[in-house]
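final.cif (mmCIF, N, CA and C atoms and all ligand atoms)
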data_protein
loop_
_atom_site.label_atom_id
_atom_site.label_comp_id
_atom_site.auth_asym_id
_atom_site.auth_seq_id
_atom_site.Cartn_x
_atom_site.Cartn_y
_atom_site.Cartn_z
N MET L 2 93.59 80.12 105.59
CA MET L 2 92.97 79.13 104.72
C MET L 2 92.53 79.79 103.42
N THR L 3 92.29 78.97 102.41
CA THR L 3 91.80 79.52 101.15
C THR L 3 90.43 78.93 100.83
N THR L 4 89.68 79.69 100.09
CA THR L 4 88.37 79.22 99.68
C THR L 4 88.09 79.72 98.27
N GLU L 5 87.26 79.00 97.54
CA GLU L 5 86.93 79.43 96.18
C GLU L 5 85.66 80.26 96.19
N LEU L 6 85.75 81.44 95.61
CA LEU L 6 84.60 82.34 95.56
C LEU L 6 84.37 82.79 94.13
N PRO L 7 83.11 82.99 93.73
CA PRO L 7 82.84 83.44 92.37
C PRO L 7 83.09 84.95 92.22
N CYS L 8 83.78 85.32 91.14
CA CYS L 8 84.00 86.74 90.85
C CYS L 8 82.66 87.37 90.45
N PRO L 9 82.28 88.51 91.07
CA PRO L 9 80.99 89.13 90.73
C PRO L 9 80.95 89.68 89.30
N SER L 10 82.11 89.86 88.67
CA SER L 10 82.13 90.39 87.30
C SER L 10 82.08 89.30 86.24
N CYS L 11 82.96 88.30 86.37
CA CYS L 11 83.05 87.31 85.30
C CYS L 11 82.49 85.95 85.70
N GLY L 12 82.25 85.76 86.99
CA GLY L 12 81.63 84.52 87.45
C GLY L 12 82.56 83.36 87.68
N GLN L 13 83.83 83.48 87.25
CA GLN L 13 84.72 82.35 87.48
C GLN L 13 85.12 82.23 88.95
N LEU L 14 85.38 81.01 89.37
CA LEU L 14 85.77 80.79 90.75
C LEU L 14 87.24 81.15 90.94
N VAL L 15 87.52 81.93 91.96
CA VAL L 15 88.91 82.30 92.23
C VAL L 15 89.28 81.91 93.66
N MET L 16 90.53 81.49 93.81
CA MET L 16 91.03 81.13 95.13
C MET L 16 91.26 82.39 95.94
N CYS L 17 90.65 82.44 97.13
CA CYS L 17 90.81 83.62 97.97
C CYS L 17 91.33 83.20 99.33
N ARG L 18 92.18 84.04 99.88
CA ARG L 18 92.73 83.77 101.20
C ARG L 18 91.83 84.44 102.25
N VAL L 19 91.36 83.65 103.20
CA VAL L 19 90.53 84.22 104.27
C VAL L 19 91.05 83.71 105.61
N SER L 20 90.89 84.52 106.63
CA SER L 20 91.27 84.04 107.96
C SER L 20 90.16 83.11 108.47
N ALA L 21 90.59 82.09 109.20
CA ALA L 21 89.69 81.00 109.59
C ALA L 21 88.50 81.50 110.42
N ASP L 22 88.73 82.55 111.21
CA ASP L 22 87.65 83.00 112.11
C ASP L 22 86.78 84.08 111.47
N GLU L 23 87.05 84.38 110.20
CA GLU L 23 86.30 85.46 109.58
C GLU L 23 84.94 84.99 109.08
N GLU L 24 83.92 85.76 109.46
CA GLU L 24 82.59 85.44 108.96
C GLU L 24 82.36 86.24 107.68
N LEU L 25 82.13 85.55 106.58
CA LEU L 25 82.06 86.22 105.29
C LEU L 25 80.64 86.71 104.98
N THR L 26 80.53 88.00 104.79
CA THR L 26 79.27 88.54 104.30
C THR L 26 79.29 88.44 102.77
N GLU L 27 78.15 88.64 102.16
CA GLU L 27 78.07 88.57 100.70
C GLU L 27 78.97 89.64 100.06
N GLN L 28 78.94 90.86 100.65
CA GLN L 28 79.76 91.95 100.12
C GLN L 28 81.24 91.63 100.26
N ARG L 29 81.61 91.07 101.40
CA ARG L 29 83.02 90.72 101.65
C ARG L 29 83.48 89.64 100.67
N GLU L 30 82.62 88.69 100.39
CA GLU L 30 82.96 87.64 99.42
C GLU L 30 83.20 88.24 98.04
N LYS L 31 82.34 89.19 97.66
CA LYS L 31 82.51 89.86 96.36
C LYS L 31 83.83 90.62 96.32
N ASP L 32 84.12 91.36 97.39
CA ASP L 32 85.36 92.14 97.44
C ASP L 32 86.58 91.23 97.36
N LEU L 33 86.53 90.12 98.09
CA LEU L 33 87.64 89.17 98.09
C LEU L 33 87.87 88.61 96.69
N ALA L 34 86.78 88.19 96.03
CA ALA L 34 86.90 87.60 94.70
C ALA L 34 87.43 88.65 93.71
N LEU L 35 86.92 89.88 93.82
CA LEU L 35 87.37 90.96 92.93
C LEU L 35 88.85 91.26 93.15
N SER L 36 89.30 91.14 94.39
CA SER L 36 90.70 91.48 94.69
C SER L 36 91.64 90.38 94.22
N ALA L 37 91.11 89.22 93.87
CA ALA L 37 91.97 88.10 93.47
C ALA L 37 91.81 87.72 92.00
N CYS L 38 90.70 88.06 91.37
CA CYS L 38 90.44 87.62 90.00
C CYS L 38 91.31 88.38 89.01
N SER L 39 91.57 87.74 87.87
CA SER L 39 92.45 88.37 86.87
C SER L 39 91.68 88.92 85.67
N CYS L 40 90.34 88.92 85.73
CA CYS L 40 89.57 89.43 84.60
C CYS L 40 89.71 90.96 84.50
N PRO L 41 89.45 91.54 83.32
CA PRO L 41 89.63 93.00 83.15
C PRO L 41 88.82 93.84 84.13
N ALA L 42 87.59 93.42 84.42
CA ALA L 42 86.74 94.20 85.32
C ALA L 42 87.34 94.22 86.73
N ALA L 43 87.89 93.10 87.15
CA ALA L 43 88.50 93.04 88.48
C ALA L 43 89.77 93.89 88.53
N ARG L 44 90.55 93.83 87.43
CA ARG L 44 91.77 94.67 87.39
C ARG L 44 91.42 96.15 87.42
N LEU L 45 90.36 96.50 86.70
CA LEU L 45 89.90 97.89 86.69
C LEU L 45 89.46 98.32 88.09
N ASP L 46 88.76 97.43 88.76
CA ASP L 46 88.30 97.70 90.12
C ASP L 46 89.49 97.96 91.05
N ARG L 47 90.55 97.12 90.91
CA ARG L 47 91.74 97.31 91.76
C ARG L 47 92.44 98.62 91.42
N ALA L 48 92.52 98.95 90.11
CA ALA L 48 93.16 100.19 89.69
C ALA L 48 92.41 101.39 90.27
N GLU L 49 91.07 101.29 90.24
CA GLU L 49 90.25 102.39 90.77
C GLU L 49 90.48 102.55 92.27
N LYS L 50 90.51 101.42 92.98
CA LYS L 50 90.73 101.49 94.43
C LYS L 50 92.10 102.09 94.76
N ALA L 51 93.12 101.71 93.96
CA ALA L 51 94.47 102.23 94.19
C ALA L 51 94.52 103.74 93.96
N GLN L 52 93.80 104.20 92.92
CA GLN L 52 93.79 105.63 92.63
C GLN L 52 93.06 106.40 93.74
N ILE L 53 91.93 105.84 94.20
CA ILE L 53 91.19 106.48 95.29
C ILE L 53 92.07 106.58 96.54
N ALA L 54 92.80 105.49 96.83
CA ALA L 54 93.67 105.49 98.01
C ALA L 54 94.75 106.57 97.89
N GLU L 55 95.31 106.73 96.68
CA GLU L 55 96.34 107.75 96.50
C GLU L 55 95.75 109.15 96.66
N ALA L 56 94.56 109.35 96.09
CA ALA L 56 93.91 110.67 96.21
C ALA L 56 93.62 110.97 97.68
N GLN L 57 93.21 109.95 98.43
CA GLN L 57 92.91 110.17 99.85
C GLN L 57 94.19 110.43 100.65
N ASP L 58 95.31 109.80 100.23
CA ASP L 58 96.60 110.14 100.83
C ASP L 58 96.93 111.61 100.56
N ASN L 59 96.64 112.04 99.33
CA ASN L 59 96.91 113.44 98.97
C ASN L 59 96.06 114.39 99.81
N ILE L 60 94.81 114.01 100.06
CA ILE L 60 93.95 114.83 100.92
C ILE L 60 94.57 114.93 102.31
N ASN L 61 95.08 113.80 102.78
CA ASN L 61 95.74 113.79 104.09
C ASN L 61 97.00 114.65 104.09
N MET L 62 97.73 114.65 102.96
CA MET L 62 98.95 115.46 102.85
C MET L 62 98.65 116.95 102.90
N LEU L 63 97.53 117.34 102.31
CA LEU L 63 97.22 118.77 102.24
C LEU L 63 96.30 119.23 103.36
N CYS L 64 95.52 118.32 103.92
CA CYS L 64 94.49 118.74 104.88
C CYS L 64 94.59 118.01 106.22
N GLY L 65 95.36 116.94 106.28
CA GLY L 65 95.44 116.15 107.51
C GLY L 65 96.82 116.26 108.15
N GLU L 66 97.37 115.08 108.53
CA GLU L 66 98.66 115.06 109.23
C GLU L 66 99.78 115.71 108.44
N GLY L 67 99.70 115.63 107.09
CA GLY L 67 100.78 116.16 106.28
C GLY L 67 100.69 117.66 106.01
N ALA L 68 99.60 118.28 106.46
CA ALA L 68 99.36 119.69 106.12
C ALA L 68 100.49 120.61 106.58
N GLU L 69 100.99 120.33 107.78
CA GLU L 69 102.01 121.23 108.33
C GLU L 69 103.29 121.23 107.49
N GLU L 70 103.61 120.07 106.89
CA GLU L 70 104.77 120.01 105.99
C GLU L 70 104.59 120.94 104.80
N ASN L 71 103.34 121.19 104.43
CA ASN L 71 103.04 122.10 103.34
C ASN L 71 102.71 123.50 103.85
N SER L 72 103.13 123.77 105.09
CA SER L 72 102.90 125.08 105.74
C SER L 72 101.42 125.43 105.82
N MET L 73 100.58 124.41 105.98
CA MET L 73 99.15 124.65 106.13
C MET L 73 98.68 124.04 107.44
N GLN L 74 97.60 124.61 107.94
CA GLN L 74 97.05 124.14 109.19
C GLN L 74 96.16 122.92 108.92
N PRO L 75 96.33 121.83 109.67
CA PRO L 75 95.46 120.67 109.44
C PRO L 75 93.99 121.01 109.70
N ILE L 76 93.11 120.40 108.92
CA ILE L 76 91.68 120.56 109.17
C ILE L 76 91.29 119.52 110.21
N GLU L 77 90.78 119.99 111.35
CA GLU L 77 90.56 119.09 112.48
C GLU L 77 89.27 118.27 112.34
N CYS L 78 88.27 118.85 111.68
CA CYS L 78 86.94 118.24 111.67
C CYS L 78 86.90 116.95 110.84
N GLN L 79 86.62 115.83 111.49
CA GLN L 79 86.61 114.53 110.80
C GLN L 79 85.50 114.47 109.76
N ASP L 80 84.37 115.11 110.03
CA ASP L 80 83.26 115.09 109.07
C ASP L 80 83.68 115.72 107.74
N VAL L 81 84.49 116.78 107.82
CA VAL L 81 84.98 117.42 106.59
C VAL L 81 85.88 116.45 105.82
N HIS L 82 86.73 115.73 106.55
CA HIS L 82 87.58 114.72 105.90
C HIS L 82 86.73 113.63 105.25
N ASP L 83 85.65 113.23 105.95
CA ASP L 83 84.77 112.19 105.39
C ASP L 83 84.19 112.65 104.06
N ILE L 84 83.76 113.91 104.00
CA ILE L 84 83.19 114.46 102.75
C ILE L 84 84.25 114.47 101.65
N MET L 85 85.46 114.90 102.00
CA MET L 85 86.52 115.00 100.98
C MET L 85 86.93 113.61 100.49
N ASN L 86 87.04 112.66 101.42
CA ASN L 86 87.40 111.29 101.02
C ASN L 86 86.33 110.68 100.14
N LYS L 87 85.07 110.96 100.48
CA LYS L 87 83.96 110.46 99.66
C LYS L 87 84.00 111.11 98.28
N ALA L 88 84.34 112.40 98.23
CA ALA L 88 84.41 113.11 96.95
C ALA L 88 85.46 112.47 96.04
N ALA L 89 86.61 112.07 96.61
CA ALA L 89 87.66 111.42 95.81
C ALA L 89 87.11 110.14 95.18
N GLU L 90 86.32 109.41 95.96
CA GLU L 90 85.71 108.17 95.46
C GLU L 90 84.73 108.46 94.33
N LEU L 91 83.90 109.49 94.51
CA LEU L 91 82.89 109.82 93.51
C LEU L 91 83.52 110.35 92.22
N VAL L 92 84.63 111.08 92.35
CA VAL L 92 85.34 111.55 91.16
C VAL L 92 85.92 110.34 90.41
N ALA L 93 86.52 109.41 91.16
CA ALA L 93 87.12 108.22 90.52
C ALA L 93 86.06 107.41 89.78
N LYS L 94 84.86 107.35 90.34
CA LYS L 94 83.80 106.57 89.73
C LYS L 94 83.03 107.35 88.66
N GLY L 95 83.41 108.62 88.47
CA GLY L 95 82.77 109.44 87.44
C GLY L 95 81.38 109.92 87.82
N LYS L 96 81.05 109.88 89.12
CA LYS L 96 79.72 110.33 89.57
C LYS L 96 79.66 111.85 89.70
N ILE L 97 80.78 112.44 90.05
CA ILE L 97 80.87 113.91 90.09
C ILE L 97 82.18 114.30 89.41
N PHE L 98 82.24 115.55 88.93
CA PHE L 98 83.48 116.03 88.32
C PHE L 98 84.31 116.84 89.30
N GLU L 99 83.64 117.49 90.23
CA GLU L 99 84.40 118.20 91.25
C GLU L 99 83.55 118.52 92.46
N LEU L 100 84.23 118.75 93.56
CA LEU L 100 83.58 119.22 94.77
C LEU L 100 84.51 120.25 95.39
N THR L 101 83.96 121.41 95.68
CA THR L 101 84.73 122.44 96.35
C THR L 101 84.17 122.64 97.76
N VAL L 102 85.05 122.55 98.74
CA VAL L 102 84.62 122.70 100.13
C VAL L 102 85.28 123.95 100.70
N LYS L 103 84.47 124.89 101.16
CA LYS L 103 85.02 126.07 101.84
C LYS L 103 84.95 125.77 103.33
N VAL L 104 86.10 125.55 103.91
CA VAL L 104 86.16 125.09 105.29
C VAL L 104 86.31 126.30 106.21
N SER L 105 85.50 126.33 107.24
CA SER L 105 85.52 127.42 108.19
C SER L 105 86.93 127.64 108.75
N GLY L 106 87.52 128.79 108.43
CA GLY L 106 88.85 129.15 108.94
C GLY L 106 90.00 128.38 108.34
N CYS L 107 89.76 127.51 107.36
CA CYS L 107 90.84 126.66 106.82
C CYS L 107 90.94 126.72 105.30
N GLY L 108 90.40 127.77 104.71
CA GLY L 108 90.56 127.92 103.27
C GLY L 108 89.62 127.04 102.46
N THR L 109 90.02 126.80 101.20
CA THR L 109 89.18 126.07 100.26
C THR L 109 89.90 124.82 99.77
N VAL L 110 89.16 123.72 99.70
CA VAL L 110 89.72 122.48 99.14
C VAL L 110 88.87 122.09 97.95
N LYS L 111 89.54 121.86 96.80
CA LYS L 111 88.82 121.44 95.61
C LYS L 111 89.32 120.06 95.19
N ILE L 112 88.39 119.14 95.05
CA ILE L 112 88.72 117.80 94.57
C ILE L 112 88.07 117.66 93.22
N SER L 113 88.86 117.40 92.17
CA SER L 113 88.30 117.41 90.83
C SER L 113 88.95 116.39 89.91
N ALA L 114 88.26 116.13 88.80
CA ALA L 114 88.78 115.21 87.79
C ALA L 114 89.63 115.99 86.82
N GLY L 115 90.81 115.47 86.48
CA GLY L 115 91.66 116.08 85.46
C GLY L 115 91.31 115.53 84.10
N THR L 116 91.83 116.16 83.05
CA THR L 116 91.49 115.73 81.69
C THR L 116 92.08 114.36 81.36
N LYS L 117 93.13 113.92 82.09
CA LYS L 117 93.72 112.61 81.83
C LYS L 117 93.21 111.57 82.83
N GLY L 118 92.08 111.88 83.48
CA GLY L 118 91.51 110.92 84.41
C GLY L 118 92.12 110.96 85.78
N GLN L 119 93.01 111.90 86.02
CA GLN L 119 93.62 111.97 87.35
C GLN L 119 92.65 112.64 88.34
N ILE L 120 92.89 112.40 89.62
CA ILE L 120 92.10 113.07 90.66
C ILE L 120 92.98 114.15 91.27
N LYS L 121 92.52 115.39 91.15
CA LYS L 121 93.31 116.50 91.65
C LYS L 121 92.77 116.97 92.99
N VAL L 122 93.68 117.21 93.91
CA VAL L 122 93.31 117.78 95.20
C VAL L 122 94.07 119.09 95.34
N LYS L 123 93.32 120.18 95.48
CA LYS L 123 93.95 121.49 95.56
C LYS L 123 93.43 122.22 96.80
N ARG L 124 94.35 122.72 97.60
CA ARG L 124 93.94 123.47 98.78
C ARG L 124 94.49 124.90 98.67
N THR L 125 93.62 125.84 98.92
CA THR L 125 94.00 127.24 98.86
C THR L 125 93.77 127.90 100.21
N VAL L 126 94.84 128.42 100.80
CA VAL L 126 94.73 129.20 102.04
C VAL L 126 95.61 130.44 101.86
N GLY L 127 95.20 131.32 100.97
CA GLY L 127 96.04 132.46 100.62
C GLY L 127 96.99 132.07 99.50
N PHE L 128 97.63 130.89 99.63
CA PHE L 128 98.39 130.30 98.53
C PHE L 128 97.82 128.91 98.27
N SER L 129 98.22 128.28 97.16
CA SER L 129 97.65 126.98 96.78
C SER L 129 98.70 125.88 96.73
N GLU L 130 98.28 124.70 97.07
CA GLU L 130 99.07 123.49 96.85
C GLU L 130 98.17 122.49 96.15
N GLN L 131 98.71 121.81 95.14
CA GLN L 131 97.91 120.82 94.43
C GLN L 131 98.67 119.51 94.29
N LEU L 132 97.99 118.39 94.52
CA LEU L 132 98.56 117.06 94.33
C LEU L 132 97.63 116.28 93.41
N GLU L 133 98.20 115.38 92.60
CA GLU L 133 97.39 114.61 91.67
C GLU L 133 97.62 113.11 91.83
N ALA L 134 96.54 112.36 91.70
CA ALA L 134 96.63 110.90 91.67
C ALA L 134 96.28 110.45 90.26
N ASN L 135 97.25 109.86 89.57
CA ASN L 135 97.00 109.44 88.19
C ASN L 135 96.23 108.12 88.13
N GLN L 136 95.62 107.88 86.97
CA GLN L 136 94.94 106.61 86.75
C GLN L 136 95.97 105.49 86.80
N LYS L 137 95.55 104.33 87.28
CA LYS L 137 96.48 103.21 87.48
C LYS L 137 96.42 102.19 86.35
N TYR L 138 95.71 102.50 85.28
CA TYR L 138 95.65 101.55 84.18
C TYR L 138 95.83 102.30 82.88
ZN ZN L 201 86.58 88.14 87.34
#
Here is the file; what I need is its structure written in the form of structure tokens.
Amino acid sequence: MTTELPCPSCGQLVMCRVSADEELTEQREKDLALSACSCPAARLDRAEKAQIAEAQDNINMLCGEGAEENSMQPIECQDVHDIMNKAAELVAKGKIFELTVKVSGCGTVKISAGTKGQIKVKRTVGFSEQLEANQKY
């Protein structure tokens, strides 16, 4: 079903698709409206989310399931992944410029902002691999 929800940025009502059994919280309503609205702030929000998702994929490529393809040992500790994923979000939002994590027995991971607004993920374990997520707008 669809329902009209106000965009938290511009205030206009936007048609949003929701499942009939879903109970909408205020935050969920805001997210839904932002994901459907065509105003610049909503587009920026979607671009930011897409960039964060790509940076987190890159973290997974270098530190998670994809690590072995890069001849690196996966980092097993979920809490470390939580910190790194959060760091990607904070870099995208401009709250921090970089975070370097020295992981016990697994080398160093640096998540940082590039000069063109990209989010860089670099892992060093004797050698380095770096992946970048570019800005989406
Ligand atoms: Zn809007």
At most 8 Å from ligand ZN 201 (chain L) (only N, CA and C atoms and all ligand atoms): residue list as a PyMOL selection string: chain L and resi 7-15+34-35+37-44
Emit the selected residues as a PDB file, keeping the file's coordinate frame, including N, CA and C atoms.
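The new file result-v4.pdb reads:
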ATOM      1  N   PRO L   7      83.110  82.990  93.730  1.00  0.00           N
ATOM      2  CA  PRO L   7      82.840  83.440  92.370  1.00  0.00           C
ATOM      3  C   PRO L   7      83.090  84.950  92.220  1.00  0.00           C
ATOM      4  N   CYS L   8      83.780  85.320  91.140  1.00  0.00           N
ATOM      5  CA  CYS L   8      84.000  86.740  90.850  1.00  0.00           C
ATOM      6  C   CYS L   8      82.660  87.370  90.450  1.00  0.00           C
ATOM      7  N   PRO L   9      82.280  88.510  91.070  1.00  0.00           N
ATOM      8  CA  PRO L   9      80.990  89.130  90.730  1.00  0.00           C
ATOM      9  C   PRO L   9      80.950  89.680  89.300  1.00  0.00           C
ATOM     10  N   SER L  10      82.110  89.860  88.670  1.00  0.00           N
ATOM     11  CA  SER L  10      82.130  90.390  87.300  1.00  0.00           C
ATOM     12  C   SER L  10      82.080  89.300  86.240  1.00  0.00           C
ATOM     13  N   CYS L  11      82.960  88.300  86.370  1.00  0.00           N
ATOM     14  CA  CYS L  11      83.050  87.310  85.300  1.00  0.00           C
ATOM     15  C   CYS L  11      82.490  85.950  85.700  1.00  0.00           C
ATOM     16  N   GLY L  12      82.250  85.760  86.990  1.00  0.00           N
ATOM     17  CA  GLY L  12      81.630  84.520  87.450  1.00  0.00           C
ATOM     18  C   GLY L  12      82.560  83.360  87.680  1.00  0.00           C
ATOM     19  N   GLN L  13      83.830  83.480  87.250  1.00  0.00           N
ATOM     20  CA  GLN L  13      84.720  82.350  87.480  1.00  0.00           C
ATOM     21  C   GLN L  13      85.120  82.230  88.950  1.00  0.00           C
ATOM     22  N   LEU L  14      85.380  81.010  89.370  1.00  0.00           N
ATOM     23  CA  LEU L  14      85.770  80.790  90.750  1.00  0.00           C
ATOM     24  C   LEU L  14      87.240  81.150  90.940  1.00  0.00           C
ATOM     25  N   VAL L  15      87.520  81.930  91.960  1.00  0.00           N
ATOM     26  CA  VAL L  15      88.910  82.300  92.230  1.00  0.00           C
ATOM     27  C   VAL L  15      89.280  81.910  93.660  1.00  0.00           C
ATOM     28  N   ALA L  34      86.780  88.190  96.030  1.00  0.00           N
ATOM     29  CA  ALA L  34      86.900  87.600  94.700  1.00  0.00           C
ATOM     30  C   ALA L  34      87.430  88.650  93.710  1.00  0.00           C
ATOM     31  N   LEU L  35      86.920  89.880  93.820  1.00  0.00           N
ATOM     32  CA  LEU L  35      87.370  90.960  92.930  1.00  0.00           C
ATOM     33  C   LEU L  35      88.850  91.260  93.150  1.00  0.00           C
ATOM     34  N   ALA L  37      91.110  89.220  93.870  1.00  0.00           N
ATOM     35  CA  ALA L  37      91.970  88.100  93.470  1.00  0.00           C
ATOM     36  C   ALA L  37      91.810  87.720  92.000  1.00  0.00           C
ATOM     37  N   CYS L  38      90.700  88.060  91.370  1.00  0.00           N
ATOM     38  CA  CYS L  38      90.440  87.620  90.000  1.00  0.00           C
ATOM     39  C   CYS L  38      91.310  88.380  89.010  1.00  0.00           C
ATOM     40  N   SER L  39      91.570  87.740  87.870  1.00  0.00           N
ATOM     41  CA  SER L  39      92.450  88.370  86.870  1.00  0.00           C
ATOM     42  C   SER L  39      91.680  88.920  85.670  1.00  0.00           C
ATOM     43  N   CYS L  40      90.340  88.920  85.730  1.00  0.00           N
ATOM     44  CA  CYS L  40      89.570  89.430  84.600  1.00  0.00           C
ATOM     45  C   CYS L  40      89.710  90.960  84.500  1.00  0.00           C
ATOM     46  N   PRO L  41      89.450  91.540  83.320  1.00  0.00           N
ATOM     47  CA  PRO L  41      89.630  93.000  83.150  1.00  0.00           C
ATOM     48  C   PRO L  41      88.820  93.840  84.130  1.00  0.00           C
ATOM     49  N   ALA L  42      87.590  93.420  84.420  1.00  0.00           N
ATOM     50  CA  ALA L  42      86.740  94.200  85.320  1.00  0.00           C
ATOM     51  C   ALA L  42      87.340  94.220  86.730  1.00  0.00           C
ATOM     52  N   ALA L  43      87.890  93.100  87.150  1.00  0.00           N
ATOM     53  CA  ALA L  43      88.500  93.040  88.480  1.00  0.00           C
ATOM     54  C   ALA L  43      89.770  93.890  88.530  1.00  0.00           C
ATOM     55  N   ARG L  44      90.550  93.830  87.430  1.00  0.00           N
ATOM     56  CA  ARG L  44      91.770  94.670  87.390  1.00  0.00           C
ATOM     57  C   ARG L  44      91.420  96.150  87.420  1.00  0.00           C
TER      58      ARG L  44
END
Take CA of Ala114 in chain L and CA of Asp32 in chain L and report the distance between them in Å, one decimal.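 CA of Ala114 in chain L sits 25.2 Å away from CA of Asp32 in chain L.
Nearest to Leu91 in chain L of all the residues L:Val104, L:Ala56, L:Leu63, L:Leu6 is L:Ala56, based on only C-alpha atoms.
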List the spatial neighbours of Gln136 in chain L as a count of residues only - criterion: any atom at most 8 Å away, all atoms listed in the file, same-chain residues fewer than 2 positions off excluded. 11
Write out as a PyMOL selection string which residues come within 7 Å of Thr101 in chain L when counting only C-alpha atoms, dropping same-chain ones fewer than 6 positions away. chain L and resi 109-112
Give the helix (DSSP H, G or I) residues of range 85-138 of chain L, as assigned by DSSP on the backbone, as an MDAnalysis selection string. chainID L and resid 85:93
Output N, CA and C atoms for every residue in the selection just made, as a tab-separated table (two decimals), in the coordinates of the input.
chain	number	residue	atom	x	y	z
L	85	MET	N	85.46	114.90	102.00
L	85	MET	CA	86.52	115.00	100.98
L	85	MET	C	86.93	113.61	100.49
L	86	ASN	N	87.04	112.66	101.42
L	86	ASN	CA	87.40	111.29	101.02
L	86	ASN	C	86.33	110.68	100.14
L	87	LYS	N	85.07	110.96	100.48
L	87	LYS	CA	83.96	110.46	99.66
L	87	LYS	C	84.00	111.11	98.28
L	88	ALA	N	84.34	112.40	98.23
L	88	ALA	CA	84.41	113.11	96.95
L	88	ALA	C	85.46	112.47	96.04
L	89	ALA	N	86.61	112.07	96.61
L	89	ALA	CA	87.66	111.42	95.81
L	89	ALA	C	87.11	110.14	95.18
L	90	GLU	N	86.32	109.41	95.96
L	90	GLU	CA	85.71	108.17	95.46
L	90	GLU	C	84.73	108.46	94.33
L	91	LEU	N	83.90	109.49	94.51
L	91	LEU	CA	82.89	109.82	93.51
L	91	LEU	C	83.52	110.35	92.22
L	92	VAL	N	84.63	111.08	92.35
L	92	VAL	CA	85.34	111.55	91.16
L	92	VAL	C	85.92	110.34	90.41
L	93	ALA	N	86.52	109.41	91.16
L	93	ALA	CA	87.12	108.22	90.52
L	93	ALA	C	86.06	107.41	89.78
In Å, with one decimal, what is the gap from atom N of Arg124 in chain L to atom C of Lys137 in chain L?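 Distance reported for this atom pair: 23.5 Å.
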What separation in Å, quoted to one decimal, exists between atom C of Glu27 in chain L and atom N of Lys96 in chain L?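 Going from atom C of Glu27 in chain L over to atom N of Lys96 in chain L, I get 23.1 Å.
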Name the residues in contact with range 70-84 of chain L at a cut-off of 8 Å, using all atoms listed in the file, excluding same-chain residues fewer than 6 positions from it; report them as a PyMOL selection string. chain L and resi 60+62-64+90+104+107+126+130
